[in-house]
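J.: Encoded as structure tokens, here's the structure I'll be asking about.
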Amino acid sequence: MNYLSIKNHQSVPVDTIPESEYHSFLIGNIKLMEGNVDRHCVNYFGMRDGKDIRLFCCVADDSAHTIMLTSCRVDAKSNLESFSALNLNFEKFEREIHENFGISYSNHPWLKPVRYSTSRSDAGSGMMTYPFFGIDSEELHEVGVGPVHAGVIEPGHFRFICNGEQILHLEIQLGYQHRGVEQLFLEKKKLLQRATLAENIAGDSVIGHTTAFSYLWESLAGLEVSDDVLFARTLAQEIERTAIHTGDLSAICTDIAYQLGSSVFGRLRTPVINYFQEWCGNRLSKSLIRPGRTPYPYTEYLAGRLIEVFDAFEPDFDEMIEQTLKLPSVLSRLERTGVLTYQQVLEIGTVGMSARMHSLERDIRTSHPYGLYPLLDHNPIVKHHGDVHSRARIRREEVKQSISYLRSLVTKIPNETHYDPTAISNMPLKPDTFALSMTEGWRGEICHVAITDSRGELALYKIKDPSFHNWLALALSVRNNEISDFPICNKSFDLSYCGHDL
Amino acid sequence: MFENLKIMYHQGKQYIPDVTSVEVPGIFRGRPVITSAPADEVFLRDLCPTNAISLAPFSIDLGKCTFCGECARAFPDKIRFTKEYKISTNIRERLVIREGDINTIEVDSTRVRKEIHSFFGGSLKLRQVSAGGDNSVEWELNACSNVNFDMGRFGIEFVASPRHADGIVITGPITVNMAEALQITYDAIPEPKIIILAGTDAISGGIFLDSPAIDRRFLDTHKPDLYIPGNPVHPLTFINGVLGLIRKRK
Ligand code: SF4
């Protein structure tokens with residue numbers, strides 16, 4: 001099978017992506033990944049093309065820093081052999097293709113709805129008809145939680161099958177948050193509207209998603225941005241990572257009833273997100289990242305403030321995290337809880353922290369570098385036990401690492417460039433072009449793909465939040481744990497509902 | 001134990017003493033002020049991503065505005081966002097800011113249902129429902145209860161069960177897939193109960209308004225008691241808004 005190799009943020013004419021017949025498309029892609037831990041599927045989706053569905057598969061090679069593109073044309077009524085039966089990485093992607101186009105698979109292990117999108121082929125199905133896995137047993141019982149949960153969080157339904165207090169199986173039903181984001185990307189024509197959509201994909205990953213969109217749009221418009229834009233994006237991404245990781249450490253402490261840790265990490269997050277407000281007027285950094293430009297120039301004053309903020313933050317953070325991770329009562333809740341084996345991590349194809357928690361160096365900042373990351377010489381932080389403790393320790397070290405990047409970045413502030421927002425907004429996009437953009441958000445790999453039509457209008461916009469891969473990891477990690485440990489397992493992954501449901 | 005005490009000592013007092021008057025850091029975009037300076041108003045209307053700007057009279061609807069700041073960047077003499085975070089009200093039309101309008105946005109006590117003051121003046125328990133919220137408003141609502149903002153000192157709290165709640169806080173544009181769960185949760189709250197819409201998406205649908213995945217019919221039959229604008233809402237906007245609703249001004 002032929003494939004086309006591209007780099008992150010590259011765009012290519014759609015017709016240069018090789019098309020193969022389904023069987024060789026399937027075997028070819030499986031072979032590409034077989035026995036190679038540096039390769040995983042970053043996106044696999046369908047697009048209507050006349051009467052057919054054209055499937056596009058994007059497999060990233062982390063060591064070669066390339067993405068291998070292939071495609072295949074199938075009939076919507078086909079019944080296909082599934083990729084997932086041979087490689088579980090494709091499990092969710094095939095379910096999505098099934099849900100959106102009605103393509104059926106003869107040997108998919110778990111062909112269930114993904115999010116009940118408005119464009120689904122089976123309009124008769126809905127949230128209330130989700131086919132949960134059930135068990136016919138006198139001894140076992142089921143526990144249903146959600147969509148509305150105890151805390152102030154997003155909706156999703158968790159269905160546990162338990163033996164007493166022990167979880168045997170967890171199934172997660174998502175889709176409640178479906179807002180039709182991908183379709184709106186096509187319908188909203190103004191660049192500012194699309195940027196607004198991008199920052200609303202997941203409001204806790206504003207930088208990650210808006211940056212992915214911006215690089216993608218720039219690639220399609222053939223626009224090279226200057227250093228001040230790259231600088232702002234890189235800096236903002238590491239601030240976002242620091243803020244959310246700190247907040248997550250607070251939430252983990254909350255869930256094990258360690259009040260001091262919960263309060264201190266919670267309050268430590270405040271100056272970091274307030275810093276975003278100082279820079280761009282919004283605590284969650286909405287409005288900071290825009291395609292083609294940077295609306296809020298970075299100044300020496302802001303650099304000085306950043307140093308002040310983190311000079312105050314670091315001693316408090318260090319003291320608190322050190323104390324937290326040495327308390328026996330904390331460790332006994334975190335260690336060996338919510339474990340995923342190395343094999344499972346590989347099979348699922350998890351990304352971000354959920355891969356790095358188990359010896360897998362999956363990190364777009366090194367594997368498909370962009371922005372100023374090449375200058376930072378980034379080294380992914382990796383742990384080896386795949387438990388809540390590993391995920392907490394990754395956060396601790398990533399916070400420290402990000403702060404060191406921030407400190408080094410602000411020593412060299414690039415000169416400000418002048419931009420004309422109106423001229424940028426009116427730039428045409430290349431016609432009949434495919435573009436792919438990945439960034440490493442705090443959760444992990446974010447991947448956006450766009451395809452334009454012959455007039456240069458968006459014909460497809462595809463968003464993949466890291467949670468799309470990682471929800472299954474959560475479901476499997478809680479098996480054989482006590483149900484009372486579910487909250488910390490959940491928090492330690494901290495996955496996105498809206499980023500998944502779109 | 002000793003270590004924990006040391007940490008507490010190092011942390012000192014972290015709460016904001018007066019959440020009604022504290023100044024927020026940086027360049028926060030709160031209530032806008034529109035002057036009579038000349039500007040290309042049609043350009044501004046077309047610039048806005050969520051149709052928050054209307055002409056004749058020129059105005060900005062804070063229920064639709066995402067506070068992106070682009071209009072103020074294009075015509076800084078015409079539009080200026082102040083740092084005023086008290087922008088919640090019980091009157092939807094009050095969110096529309098016109099030229100020369102410099103009055104504070106407030107809750108109109110005369111139009112608050114009597115039972116709200118008498119039942120909830122000293123304590124209010126809220127059930128939050130995210131119906132397509134992007135987790136930014138949800139995030140800020142959680143921040144309201146942290147040690148900095150400490151909303152609990154006013155007796156305002158989020159609770160787990162709708163049965164224990166006095167009202168509902170809706171975030172997000174209300175998705176088709178969440179509409180039924182929202183209705184069920186609302187129905188489970190005992191009377192009297194209040195409805196708060198938090199954030200641009202909840203108040204107007206925001207950027208998602210035209211999506212077929214949105215179903216806002218809940219709001220056709222249920223009248224909100226409080227609108228809290230923001231994208232996301234700032235914790236101080238939320239706390240002051242709720243206080244404005246439940247406490248009668250003397
Ligand atoms: S700040 Fe509000 S009114 Fe101005 S352009 Fe942005 S969304 Fe529109």
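Following the order of the structure tokens, chains are lettered A, B, ..., residues in each are numbered from 1, and ligands are numbered from 1.
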Do me a favour and pick out the residues of chain B within 7 Å of chain A, using only C-alpha atoms, as a PyMOL selection string.

T.: chain B and resi 25-29+49+68+128-132+134-136+138+142+146-148+160-161+175+177-178+207-208+211-214

J.: Please give the complete set of residues from stretch 126-225 of chain A that DSSP, run on the backbone, assigns to strand (DSSP E or B), formatted as number ranges by chain.

T.: A: 141-145, 157-163, 166-173

J.: Between A:Thr411, A:Ala475, A:Ser104, A:Asn2, which has the minimum distance to A:His157 (counting only C-alpha atoms)?

T.: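 For A:His157, the nearest of the candidates is A:Ala475.
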
J.: Using only C-alpha atoms, which protein or nucleic acid residues come within 8 Å of stretch 91-99 of chain A? Drop anything in the same chain fewer than 6 positions from it, and give the result as a PDB file with C-alpha atoms, in the first residue's frame.

T.:
```
ATOM      1  CA  ASN A  43      -6.941  10.243  13.115  1.00  0.00           C
ATOM      2  CA  TYR A  44      -9.153   7.990  11.022  1.00  0.00           C
ATOM      3  CA  PHE A  45     -12.380   9.346   9.608  1.00  0.00           C
ATOM      4  CA  GLY A  46     -14.754   9.357   6.697  1.00  0.00           C
ATOM      5  CA  SER A  82     -12.783  -4.044  10.861  1.00  0.00           C
ATOM      6  CA  PHE A  83      -9.347  -2.631  11.695  1.00  0.00           C
ATOM      7  CA  SER A  84     -10.211  -2.904  15.379  1.00  0.00           C
ATOM      8  CA  TYR A 105     -18.340  -3.919  10.388  1.00  0.00           C
ATOM      9  CA  HIS A 108     -15.789  -5.074  15.333  1.00  0.00           C
ATOM     10  CA  TRP A 110     -17.794  -3.290  20.394  1.00  0.00           C
ATOM     11  CA  LEU A 111     -19.717  -1.468  17.689  1.00  0.00           C
ATOM     12  CA  LYS A 112     -21.559   0.995  19.909  1.00  0.00           C
ATOM     13  CA  PRO A 113     -22.682   4.591  19.478  1.00  0.00           C
ATOM     14  CA  VAL A 114     -20.048   7.247  20.201  1.00  0.00           C
ATOM     15  CA  TYR A 116     -25.291  10.400  18.995  1.00  0.00           C
ATOM     16  CA  ARG A 120     -25.844  10.148  12.685  1.00  0.00           C
ATOM     17  CA  SER A 121     -27.178   7.717  10.139  1.00  0.00           C
ATOM     18  CA  ASP A 122     -29.575   6.005  12.539  1.00  0.00           C
ATOM     19  CA  PHE A 468     -11.167  10.383  22.400  1.00  0.00           C
ATOM     20  CA  HIS A 469      -8.427   7.774  22.928  1.00  0.00           C
TER      21      HIS A 469
END
```

J.: As number ranges by chain, please: all residues of stretch 94-235 of chain B that backbone DSSP puts in helix (DSSP H, G or I).

T.: B: 94-95, 109-111, 114-120, 136-144, 151-154, 162-164, 176-187, 200-204, 206-208, 218-221, 235

J.: Taking only C-alpha atoms and all ligand atoms and a cut-off of 6 Å, can you tell me which residues surround ligand 1, written as a PyMOL selection string?

T.: chain B and resi 48-50+52-53+60+65-71

J.: I'd like the interatomic distance between atom CA of A:Thr242 and atom CA of A:Leu436, to a tenth of an Å.

T.: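 We find that atom CA of A:Thr242 and atom CA of A:Leu436 lie 26.3 Å from each other.
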